[in-house]
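J.: Quick one: structure below, then a few questions.
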Amino acid sequence: MLKPDLQIGRYRVLHALGRGKPDGLWAVVDTEGRHWAMRSPIADLEDSGSAITDRFLPDALALKSLVHMNLLPVFEVFVNQQGYLCMVMERLVGRNLRAAIDAEDLTPRATLIIARQILEGAAAAHAAGRVHQALQPSKVLLFPFPTWELAKVTEFGLGTLREEAVLEFGNDALTGAVRKVAAAYMAPEQVRGRSVDARTDLYAIGVMIFEMLVGRPPYLDSDPQNVQQQHVSAPIPSVDDLAPGSPWATPQIKALLNRSLAKEREERFQNAAQMIVALELAAASILHLQAG
């Protein structure tokens with residue numbers, strides 16, 4: 001288990017990142033004073049360490065090739081003294097999309113600019129055979145520019161590695177933590193326990209667009225299991241009911257949301273490129289609002 005001031009190669013551990021219980025992501029600084037984020041196990045994996053390394057090192061190294069402006073890249077992959085994988089990533093100062101939504105300061109224009117960037121990053125990852133599986137606002141980092149914010153999606157590719165680790169070793173062999181998919185962003189096939197693919201990610205992106213525009217995700221309940229069941233069987237909420245009179249609620253916006261939130265994968269956008277086309281139409285439909 002990592003702990004503050006522990007030296008791992010040329011990196012010194014500073015503190016755990018994230019809220020609450022550490023989930024295997026740590027702030028570190030290298031010998032040149034540069035700050036990074038490191039993902040490494042937090043649990044004692046006993047004698048399985050070498051087997052995990054042998055099995056997943058090639059896949060983890062492959063994540064270094066997943067480079068795109070809208071993805072947070074993996075900078076370095078190595079094996080620590082205990083035989084566990086460590087992945088070093090950029091650590092940038094900014095806010096995440098969760099904070100932006102909670103601040104209620106996203107205009108319709110800003111929403112679609114952020115959504116376009118998330119989709120561009122997803123398109124690159126999907127083309128490389130990577131599915132996120134747990135897209136949600138906390139996984140999108142935003143960095144300010146004078147008139148817009150740069151969006152970078154984190155942890156693309158880790159979901160697949162974690163899933164394989166659980167199947168092969170019985171636990172999350174990469175982080176030692178249980179991977180949680182927030183109920184609000186789960187696609188129907190995830191609730192049903194079926195396989196996931198790129199369209200699963202596009203559903204989650206549709207949920208985030210809905211939430212950015214309306215101010216809440218499409219399905220709410222104090223019980224996460226009820227939220228999951230709503231994804232499977234409840235009608236897609238009408239934006240006219242939840243945000244009556246909103247000038248951004250154009251037919252193109254509604255079409256974008258309804259298709260991305262379709263229950264059956266075959267009825268959704270089949271790839272990120274298709275969804276980007278619909279997003280562009282939606283953006284064009286609210287050009288009259290962009291000055292406000």
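Chain labels run A, B, ... following the order of the structure tokens; each chain numbers its residues from 1, and ligands are numbered from 1 in the order shown.
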Near Lys152 of chain A, counting only C-alpha atoms, which residues have an atom at most 6 Å away, once you skip same-chain residues fewer than 3 positions from it, shown as a list in words?

T.: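 Listed by chain and then number, they are Asn70, Leu71, Leu72, Val140 and Leu141 of chain A.
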
J.: Can you tell me, as number ranges by chain, what residues are no more than 10 Å from Pro247 of chain A when counting only C-alpha atoms, ignoring any on the same chain fewer than 5 positions away?

T.: A: 108, 286, 288-289

J.: Determine which residues of segment 165-279 of chain A receive a DSSP assignment of helix (DSSP H, G or I), computed from the backbone, and state them as a PyMOL selection string.

T.: chain A and resi 165-169+183-185+188-191+198-214+224-233+239-242+251-260+265-267+272-279

J.: Could you check the closest approach to Gln117 of chain A for each of A:Ala62, A:Val153, A:Leu92, A:Val196 and tell me which residue wins, using only C-alpha atoms?

T.: A:Val153

J.: Which of these residues is nearest to Trp26 of chain A, using only C-alpha atoms: A:Leu202, A:Leu6, A:Ala151, A:Ala182?

T.: A:Leu6

J.: Can you list, as a VMD selection string, every protein, DNA or RNA residue that comes within 8 Å of Arg259 of chain A when you count only C-alpha atoms, leaving out same-chain residues fewer than 4 positions away?

T.: chain A and resid 255 267 to 269

J.: Please report, as a count of residues only, each residue of segment 29-254 of chain A to which DSSP assigns strand (DSSP E) when run on this structure's backbone.

T.: 31

J.: Please provide the set of residues having any atom within 12 Å of segment 186-193 of chain A, restricted to only C-alpha atoms, with same-chain residues fewer than 6 positions apart removed, written as number ranges by chain.

T.: A: 132-136, 180, 199-208, 217-219, 224-234, 260-266, 268

J.: Gly9 of chain A: which residues within 10 Å, counting only C-alpha atoms, same-chain residues fewer than 6 positions away excluded, as number ranges by chain?

T.: A: 30-31, 78-81

J.: Rounded to one decimal in Å, what is the spacing between atom CA of Ala283 of chain A and atom CA of Glu120 of chain A?

T.: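 Separating atom CA of Ala283 of chain A from atom CA of Glu120 of chain A is a distance of 15.4 Å.
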
J.: Which residue is closest to Ile253 of chain A? Choose from A:Met87, A:Val131, A:Leu119, A:Leu112 and count only C-alpha atoms.

T.: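 Using only C-alpha atoms, the shortest distance to Ile253 of chain A belongs to A:Leu112.
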
J.: Find the distance between atom CA of Pro237 of chain A and atom CA of Leu220 of chain A and write it in Å to one decimal.

T.: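 Spanning atom CA of Pro237 of chain A to atom CA of Leu220 of chain A is a straight-line distance of 10.7 Å.
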
J.: Any idea what's packed within 8 Å of segment 96-106 of chain A, counting only C-alpha atoms, ignoring anything in its chain fewer than 5 positions away? Could you give it as a list in words?

T.: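 Those residues are Thr111, Pro137, Ser138, Lys139, Val140, Leu141, Leu142, Glu211, Met212, Leu213 and Gly215 of chain A.
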
J.: Just C-alpha atoms for this one: save the residues we selected as an mmCIF file, in the first residue's frame.

T.:
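And here is the file that came out, again.cif:
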```
data_model
loop_
_atom_site.group_PDB
_atom_site.id
_atom_site.type_symbol
_atom_site.label_atom_id
_atom_site.label_comp_id
_atom_site.auth_asym_id
_atom_site.auth_seq_id
_atom_site.Cartn_x
_atom_site.Cartn_y
_atom_site.Cartn_z
ATOM 1 C CA THR A 111 -22.430 22.358 -22.724
ATOM 2 C CA PRO A 137 -18.861 13.956 -14.770
ATOM 3 C CA SER A 138 -16.148 13.199 -12.213
ATOM 4 C CA LYS A 139 -14.119 11.531 -14.995
ATOM 5 C CA VAL A 140 -14.043 14.689 -17.142
ATOM 6 C CA LEU A 141 -11.498 17.383 -16.252
ATOM 7 C CA LEU A 142 -11.946 20.980 -17.439
ATOM 8 C CA GLU A 211 -27.675 16.837 -16.949
ATOM 9 C CA MET A 212 -25.636 19.806 -18.167
ATOM 10 C CA LEU A 213 -28.665 21.260 -19.951
ATOM 11 C CA GLY A 215 -29.473 20.597 -14.240
#
```

J.: Please identify all polymer residues within 10 Å of Phe75 of chain A, counting only C-alpha atoms, omitting same-chain residues fewer than 3 positions from it, and present them as a CSV table (one decimal) with C-alpha atoms, in the first residue's frame.

T.:
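Saved as around_1.csv:
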```
chain,number,residue,atom,x,y,z
A,36,TRP,CA,2.0,13.7,-11.5
A,37,ALA,CA,-0.9,11.3,-10.6
A,38,MET,CA,0.0,7.7,-10.0
A,61,LEU,CA,1.9,-0.3,-21.7
A,63,LEU,CA,-2.4,2.7,-22.9
A,64,LYS,CA,0.6,4.9,-23.5
A,65,SER,CA,-0.2,5.0,-27.2
A,67,VAL,CA,-2.9,9.9,-27.2
A,72,LEU,CA,-5.7,12.3,-20.1
A,87,MET,CA,0.7,4.0,-14.1
A,88,VAL,CA,1.8,7.6,-14.1
A,89,MET,CA,-0.5,10.2,-15.6
A,90,GLU,CA,-0.6,14.0,-16.0
```

J.: Could you check how far atom CA of Glu149 of chain A sits from atom CA of Met69 of chain A, in Å to one decimal?

T.: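 Between these atoms lies a distance of 12.5 Å.
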